[in-house]
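Source file run_12.tsv; content: TSV, C-alpha atoms.
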chain	number	residue	atom	x	y	z
I	1	MET	CA	12.03	-32.34	8.91
I	2	ALA	CA	14.31	-32.36	5.90
I	3	ASN	CA	12.83	-32.12	2.44
I	4	ASP	CA	15.28	-33.78	0.07
I	5	LYS	CA	14.90	-35.50	-3.28
I	6	THR	CA	14.09	-38.87	-1.68
I	7	SER	CA	11.36	-37.53	0.55
I	8	ASN	CA	7.69	-38.17	-0.20
I	9	SER	CA	6.65	-34.79	1.21
I	10	ILE	CA	6.96	-31.15	0.33
I	11	LEU	CA	7.37	-28.11	2.55
I	12	VAL	CA	4.66	-25.46	2.44
I	13	PRO	CA	4.09	-22.33	4.58
I	14	ALA	CA	2.48	-23.27	7.90
I	15	PRO	CA	-1.12	-22.08	8.36
I	16	THR	CA	-1.63	-19.08	10.64
I	17	ALA	CA	-4.64	-17.24	12.02
I	18	TRP	CA	-2.78	-13.99	12.73
I	19	PRO	CA	-3.95	-12.17	9.54
I	20	PHE	CA	-7.57	-12.74	10.54
I	21	ILE	CA	-6.91	-11.57	14.11
I	22	LEU	CA	-5.15	-8.47	12.76
I	23	ALA	CA	-8.18	-7.73	10.56
I	24	LEU	CA	-10.39	-8.07	13.65
I	25	GLY	CA	-8.24	-5.57	15.52
I	26	LEU	CA	-8.41	-3.08	12.66
I	27	THR	CA	-12.19	-3.53	12.50
I	28	LEU	CA	-12.51	-2.80	16.22
I	29	ILE	CA	-10.38	0.34	15.88
I	30	LEU	CA	-12.63	1.71	13.14
I	31	ALA	CA	-15.78	0.64	14.99
I	32	GLY	CA	-14.62	2.57	18.02
I	33	LEU	CA	-14.63	5.78	16.01
I	34	VAL	CA	-18.43	5.67	15.86
I	35	THR	CA	-19.14	3.87	19.15
I	36	HIS	CA	-16.78	4.27	22.11
I	37	ALA	CA	-13.06	4.92	22.54
I	38	VAL	CA	-12.67	1.75	24.61
I	39	VAL	CA	-13.54	-0.33	21.54
I	40	SER	CA	-10.68	1.30	19.62
I	41	ILE	CA	-8.27	0.73	22.53
I	42	VAL	CA	-9.14	-2.98	22.61
I	43	GLY	CA	-8.77	-3.12	18.82
I	44	ALA	CA	-5.33	-1.50	19.00
I	45	ALA	CA	-4.19	-4.09	21.57
I	46	VAL	CA	-5.49	-6.93	19.38
I	47	LEU	CA	-3.85	-5.45	16.28
I	48	LEU	CA	-0.44	-5.07	17.96
I	49	ARG	CA	-0.53	-8.64	19.31
I	50	ALA	CA	-1.54	-10.00	15.91
I	51	ALA	CA	1.19	-8.00	14.15
I	52	ALA	CA	3.83	-9.40	16.53
I	53	GLY	CA	2.55	-12.96	16.09
I	54	TRP	CA	2.45	-12.66	12.31
I	55	TRP	CA	5.97	-11.21	12.29
I	56	LEU	CA	7.34	-14.11	14.35
I	57	ASP	CA	5.75	-16.59	11.93
I	58	VAL	CA	8.02	-15.42	9.09
I	59	LEU	CA	11.17	-14.17	10.83
I	60	PRO	CA	13.97	-15.03	11.30
I	61	GLU	CA	12.79	-18.01	9.22
I	62	GLN	CA	9.39	-18.78	7.80
I	63	LYS	CA	7.50	-21.51	9.63
I	64	GLU	CA	6.81	-24.46	7.35
I	65	GLU	CA	5.14	-27.83	7.58
I	66	ALA	CA	5.59	-31.01	5.57
I	67	VAL	CA	2.72	-32.22	3.41
I	68	ALA	CA	2.80	-35.84	2.30
I	69	VAL	CA	2.68	-36.47	-1.44
I	70	SER	CA	2.02	-39.90	-2.88
I	71	LEU	CA	3.34	-40.31	-6.42
I	72	ALA	CA	1.39	-43.56	-6.74
I	73	ASP	CA	-1.88	-41.66	-6.59
I	74	LEU	CA	-0.79	-39.60	-9.59
I	75	SER	CA	0.40	-42.45	-11.79
I	76	GLY	CA	-2.96	-42.98	-13.50
I	77	ILE	CA	-3.68	-39.32	-14.25
I	78	GLN	CA	-3.55	-38.32	-17.89
I	79	VAL	CA	-2.08	-34.86	-18.33
I	80	THR	CA	-3.25	-32.94	-21.37
I	81	VAL	CA	-0.52	-30.81	-22.89
I	82	SER	CA	-1.64	-27.49	-24.33
I	83	SER	CA	0.17	-25.78	-27.16
I	84	SER	CA	-1.25	-22.35	-26.29
I	85	PRO	CA	1.47	-19.86	-25.30
I	86	VAL	CA	1.45	-18.30	-21.84
I	87	GLU	CA	1.21	-14.54	-21.78
I	88	ARG	CA	3.74	-13.08	-19.39
I	89	ILE	CA	2.72	-10.04	-17.33
I	90	ALA	CA	5.62	-7.68	-16.79
I	91	VAL	CA	6.10	-6.25	-13.31
I	92	GLY	CA	4.73	-2.71	-13.23
I	93	GLY	CA	2.70	-3.18	-16.40
I	94	VAL	CA	-1.01	-2.79	-16.94
I	95	GLY	CA	-2.89	-5.95	-16.17
I	96	PRO	CA	-5.21	-7.77	-13.76
I	97	ARG	CA	-2.59	-8.15	-11.03
I	98	VAL	CA	-1.55	-5.75	-8.32
I	99	ARG	CA	1.00	-3.24	-9.57
I	100	ILE	CA	4.32	-3.79	-7.79
I	101	PRO	CA	6.60	-0.75	-8.08
I	102	ILE	CA	10.12	-1.59	-9.18
I	103	GLU	CA	11.28	1.94	-8.33
I	104	VAL	CA	10.26	4.06	-5.35
I	105	HIS	CA	10.92	7.52	-4.01
I	106	PRO	CA	13.39	7.70	-1.09
I	107	TYR	CA	11.43	8.13	2.12
I	108	TRP	CA	13.29	11.33	2.98
I	109	THR	CA	11.65	13.00	-0.03
I	110	GLY	CA	8.40	12.71	1.91
I	111	LEU	CA	9.83	15.18	4.43
I	112	TYR	CA	10.44	17.70	1.64
I	113	GLY	CA	6.99	17.09	0.21
I	114	GLY	CA	5.39	17.33	3.64
I	115	PHE	CA	7.13	20.63	4.34
I	116	ALA	CA	6.09	22.10	0.98
I	117	GLY	CA	2.53	20.87	1.47
I	118	ALA	CA	2.47	22.34	4.98
I	119	VAL	CA	3.38	25.77	3.58
I	120	ALA	CA	0.67	25.55	0.91
I	121	MET	CA	-1.96	24.41	3.40
I	122	ALA	CA	-0.97	27.13	5.88
I	123	ALA	CA	-1.29	29.75	3.14
I	124	VAL	CA	-4.86	28.67	2.36
I	125	ALA	CA	-5.74	28.54	6.07
I	126	MET	CA	-4.38	32.03	6.74
I	127	LEU	CA	-6.22	33.35	3.68
I	128	PHE	CA	-9.40	31.94	5.22
I	129	GLY	CA	-8.57	33.67	8.51
I	130	LEU	CA	-8.10	37.02	6.77
I	131	ILE	CA	-11.30	36.75	4.74
I	132	ALA	CA	-13.59	35.22	7.38
I	133	GLN	CA	-12.25	36.73	10.61
I	134	GLY	CA	-9.81	39.45	9.60
I	135	SER	CA	-6.90	37.72	11.35
I	136	ILE	CA	-4.26	35.20	10.31
I	137	TRP	CA	-4.03	33.99	13.94
I	138	TYR	CA	-7.59	32.68	13.99
I	139	PRO	CA	-6.93	29.32	12.20
I	140	ILE	CA	-3.68	28.84	14.14
I	141	ASN	CA	-5.41	29.29	17.49
I	142	LEU	CA	-8.25	27.01	16.41
I	143	LEU	CA	-5.76	24.26	15.65
I	144	ALA	CA	-3.88	24.84	18.91
I	145	ALA	CA	-7.13	24.59	20.88
I	146	GLY	CA	-6.89	20.84	20.52
I	147	ILE	CA	-4.11	20.70	23.14
I	148	LEU	CA	-4.37	24.08	24.91
I	149	SER	CA	-7.16	24.39	27.47
I	150	SER	CA	-6.73	28.19	27.50
I	151	LEU	CA	-7.94	28.33	23.89
I	152	SER	CA	-10.46	25.48	23.92
I	153	GLN	CA	-13.13	27.68	25.52
I	154	ALA	CA	-11.87	31.03	24.25
I	155	PRO	CA	-14.29	33.45	22.56
I	156	VAL	CA	-13.85	34.42	18.93
I	157	GLU	CA	-12.27	37.75	19.88
I	158	GLN	CA	-9.48	35.98	21.76
I	159	LEU	CA	-8.89	33.54	18.92
I	160	ARG	CA	-8.30	36.48	16.59
I	161	GLN	CA	-5.45	37.74	18.75
I	162	PHE	CA	-1.82	36.63	18.63
I	163	SER	CA	-0.97	33.94	21.19
I	164	GLU	CA	2.60	32.79	21.66
I	165	ALA	CA	1.50	29.47	23.17
I	166	GLY	CA	-1.07	29.06	20.39
I	167	LEU	CA	1.57	29.71	17.71
I	168	ILE	CA	3.98	27.15	19.18
I	169	ALA	CA	1.27	24.51	19.64
I	170	GLY	CA	-0.22	25.14	16.21
I	171	LEU	CA	3.15	24.93	14.47
I	172	PHE	CA	3.95	21.69	16.32
I	173	ILE	CA	0.67	20.00	15.41
I	174	HIS	CA	0.73	21.25	11.83
I	175	GLY	CA	4.41	20.44	11.29
I	176	VAL	CA	4.45	16.92	12.74
I	177	THR	CA	1.22	15.92	10.97
I	178	SER	CA	2.39	17.33	7.63
I	179	LEU	CA	5.75	15.55	7.77
I	180	LEU	CA	4.16	12.22	8.65
I	181	VAL	CA	1.59	12.52	5.86
I	182	GLY	CA	4.36	13.57	3.47
I	183	VAL	CA	6.26	10.34	4.20
I	184	LEU	CA	3.05	8.37	3.56
I	185	TYR	CA	2.75	10.14	0.20
I	186	ALA	CA	6.33	9.19	-0.70
I	187	ILE	CA	5.56	5.55	0.12
I	188	SER	CA	2.22	5.36	-1.68
I	189	LEU	CA	2.77	7.43	-4.84
I	190	PRO	CA	4.87	4.75	-6.66
I	191	MET	CA	1.94	2.34	-6.24
I	192	PHE	CA	-0.31	4.48	-8.42
I	193	PRO	CA	-0.27	3.97	-12.21
I	194	ARG	CA	1.83	6.42	-14.16
I	195	GLY	CA	0.08	9.77	-14.50
I	196	ALA	CA	-2.30	9.10	-11.61
I	197	GLY	CA	-0.21	10.94	-9.00
I	198	TRP	CA	-2.08	14.20	-9.43
I	199	ARG	CA	-5.40	12.38	-8.97
I	200	SER	CA	-4.17	11.03	-5.65
I	201	GLY	CA	-3.58	14.66	-4.64
I	202	LEU	CA	-7.32	15.21	-5.05
I	203	ILE	CA	-8.78	11.90	-3.87
I	204	THR	CA	-6.59	11.35	-0.79
I	205	PRO	CA	-7.40	14.76	0.79
I	206	LEU	CA	-11.11	14.05	0.33
I	207	LEU	CA	-10.78	10.72	2.11
I	208	TRP	CA	-8.69	12.35	4.84
I	209	SER	CA	-11.30	15.11	5.26
I	210	GLY	CA	-14.00	12.47	5.71
I	211	LEU	CA	-11.96	10.79	8.45
I	212	VAL	CA	-11.39	14.12	10.18
I	213	ALA	CA	-15.10	14.96	9.98
I	214	ALA	CA	-15.94	11.67	11.74
I	215	THR	CA	-13.43	12.14	14.59
I	216	LEU	CA	-12.98	15.89	15.04
I	217	SER	CA	-15.75	16.24	17.63
I	218	TRP	CA	-13.65	14.45	20.26
I	219	ILE	CA	-10.17	15.37	18.96
I	220	ASN	CA	-10.74	19.13	18.88
I	221	PRO	CA	-14.30	20.21	19.84
I	222	THR	CA	-13.44	23.90	19.43
I	223	LEU	CA	-12.29	23.42	15.86
I	224	ASP	CA	-15.26	21.12	15.15
I	225	ALA	CA	-17.72	23.82	16.29
I	226	ARG	CA	-16.16	26.62	14.21
I	227	ILE	CA	-14.58	24.90	11.21
I	228	ASP	CA	-15.46	25.96	7.67
I	229	TRP	CA	-15.43	22.70	5.74
I	230	GLY	CA	-15.11	24.33	2.34
I	231	TRP	CA	-11.87	26.04	3.29
I	232	PHE	CA	-10.67	22.98	5.19
I	233	VAL	CA	-11.06	20.69	2.18
I	234	GLY	CA	-9.41	23.34	0.00
I	235	SER	CA	-6.39	23.48	2.31
I	236	GLN	CA	-6.12	19.68	2.26
I	237	ILE	CA	-6.20	19.62	-1.54
I	238	ALA	CA	-3.51	22.32	-1.61
I	239	PHE	CA	-1.37	20.09	0.60
I	240	GLY	CA	-2.01	16.98	-1.50
I	241	LEU	CA	-1.23	18.59	-4.84
I	242	THR	CA	1.87	20.42	-3.57
I	243	ALA	CA	3.34	17.47	-1.67
I	244	GLY	CA	2.60	15.10	-4.56
I	245	TRP	CA	4.21	17.45	-7.09
I	246	VAL	CA	7.38	17.89	-5.01
I	247	ILE	CA	7.75	14.16	-4.33
I	248	ALA	CA	6.99	13.13	-7.93
I	249	ARG	CA	9.83	15.34	-9.23
I	250	THR	CA	12.47	13.57	-7.13
I	251	ALA	CA	14.61	10.74	-8.50
I	252	LYS	CA	13.54	7.19	-7.75
I	253	ILE	CA	15.63	4.30	-6.50
I	254	LYS	CA	15.27	0.62	-7.43
I	255	THR	CA	13.59	-1.68	-4.94
I	256	LEU	CA	15.06	-4.88	-3.51
I	257	GLN	CA	11.94	-6.97	-4.05
I	258	THR	CA	13.90	-9.83	-5.64
I	259	LEU	CA	15.92	-10.40	-2.45
I	260	PRO	CA	14.71	-12.63	0.42
I	261	LEU	CA	12.73	-10.92	3.17
I	262	THR	CA	15.49	-11.45	5.74
I	263	ASP	CA	18.02	-9.72	3.45
I	264	ARG	CA	15.68	-6.81	2.78
I	265	ALA	CA	15.02	-6.38	6.50
I	266	GLY	CA	18.75	-6.53	7.30
I	267	ILE	CA	18.34	-9.50	9.62
I	268	GLU	CA	21.18	-11.97	10.07
I	269	ALA	CA	19.37	-15.31	10.11
I	270	PRO	CA	21.06	-18.71	10.20
I	271	ARG	CA	21.17	-20.23	6.74
I	272	SER	CA	19.44	-23.58	6.49
I	273	GLU	CA	20.27	-26.30	4.02
I	274	GLU	CA	18.99	-25.72	0.51
I	275	LYS	CA	15.49	-27.08	0.04
I	276	PRO	CA	14.79	-28.18	-3.54
I	277	GLY	CA	11.37	-27.38	-4.89
I	278	LEU	CA	8.90	-29.66	-6.56
Using the file provided, produce a representation of the structure as structure tokens.
Amino acid sequence: MANDKTSNSILVPAPTAWPFILALGLTLILAGLVTHAVVSIVGAAVLLRAAAGWWLDVLPEQKEEAVAVSLADLSGIQVTVSSSPVERIAVGGVGPRVRIPIEVHPYWTGLYGGFAGAVAMAAVAMLFGLIAQGSIWYPINLLAAGILSSLSQAPVEQLRQFSEAGLIAGLFIHGVTSLLVGVLYAISLPMFPRGAGWRSGLITPLLWSGLVAATLSWINPTLDARIDWGWFVGSQIAFGLTAGWVIARTAKIKTLQTLPLTDRAGIEAPRSEEKPGL
């Protein structure tokens, strides 16, 4: 339905229930962490379906509906004009609104930060192994026990010994997780107020440690039974501070937030006729 200057209607975004369904899916995923894995699986299916439905509501073109407007109903309304000036809130400034970054770190810098953080975390973990068990292989084998059955039931003496399979598995788990978290740091750091990056290096590892503590019993029972939480949290903080420092020192690039969503996503959508506003 066209919305031209002679029309008595305006176009507004069509209502959708997908955001609420997506929130339900996320709630089920988190509820499954403390109840049963099946609940999380159902939540993941709901979340993916809701994400696809929400995506199709806005791409390649946003769904809209016409709302009738009667100018006759407004003819008798007296509008009071105020002489008070309107205070403009600059994007990225301090104020009551959400801070929208106008510059962000390139996502590839998260890989550098993740690698640097992985080295720092590994150093703390191996220091723990030397002090607590007299072996740098102990924390590596504990981590690898999550996917290696040969180490999941191994005694402490075996965990202190070098294991080629344990080293490969431990490096894989540690490396992939660190790189992924590093990319998340690169994405999220520009959203923090200026000067708050180092605080995120302390707060985020604490939140991550809490999540690990709630799920470790079924992810890696061997590590859960023998983990030293003081050293674990310390290694996470070492990762957060190191990765944050490396990423924060990289040059930023300007965002494309002023462009339409289809242009930012690189989607070639058919151009509709211009729709004048109110």
Exercise for review: Within 9 Å of (-4.8, 36.8, 18.4) (coordinates as in the file), grab all the protein and nucleic acid residues, counting only C-alpha atoms, and write them out as a PyMOL selection string.
Suggested key: chain I and resi 135-138+141+157-163+166
Select from range 6-58 of chain I every residue with an atom at most 10 Å from any atom of range 63-67 of chain I, then for each give the shortest pair of atoms and their distance in Å to one decimal, using all atoms listed in the file, rows by chain and rising number, as a tab-separated table.
residue	atom	partner	partner_atom	distance
I:Asn8	CA	I:Val67	CA	8.6
I:Ser9	CA	I:Val67	CA	5.2
I:Ile10	CA	I:Val67	CA	5.3
I:Leu11	CA	I:Ala66	CA	4.5
I:Val12	CA	I:Glu64	CA	5.5
I:Pro13	CA	I:Glu64	CA	4.4
I:Ala14	CA	I:Glu64	CA	4.5
I:Pro15	CA	I:Glu64	CA	8.3
I:Thr16	CA	I:Lys63	CA	9.5
I:Leu56	CA	I:Lys63	CA	8.8
I:Asp57	CA	I:Lys63	CA	5.7
I:Val58	CA	I:Lys63	CA	6.1
Using all atoms listed in the file, find each residue in range 154-256 of chain I having at least one atom no more than 12 Å away from range 20-31 of chain I; report its shortest atom-to-atom pair and that distance in Å (one decimal), rows by chain then rising number, as a tab-separated table.
residue	atom	partner	partner_atom	distance
I:Leu211	CA	I:Leu30	CA	10.2
I:Ala214	CA	I:Leu30	CA	10.6
I:Thr215	CA	I:Leu30	CA	10.6
Practice item. Identify which of the residues I:Ala248, I:Ala120, I:Leu111, I:Ala145 lies closest to Leu180 in chain I, counting all atoms listed in the file when measuring atom-to-atom distances. Key: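 Selected residue with least distance to Leu180 in chain I: I:Leu111.
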Check your understanding: Between I:Phe128, I:Phe239, I:Trp218, I:Phe172, which has the minimum distance to Thr204 in chain I (counting only C-alpha atoms)?
Key -> I:Phe239
**Study point:** Residue among I:Ile168, I:Ala122, I:Ala50, I:Leu241 lying closest to Ile203 in chain I, counting only C-alpha atoms
**Key:**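 Answer, going by the shortest atom-to-atom distance: I:Leu241.
Proximity to His174 in chain I was assessed for I:Leu202, I:Ala132, I:Val42, I:Ala144 counting all atoms listed in the file; the smallest distance is recorded for I:Ala144.
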Check your understanding: Hey, can you check how far CA of Thr35 in chain I sits from CA of Ala169 in chain I?
Key ->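 CA of Ala169 in chain I lies 29.0 Å from CA of Thr35 in chain I.
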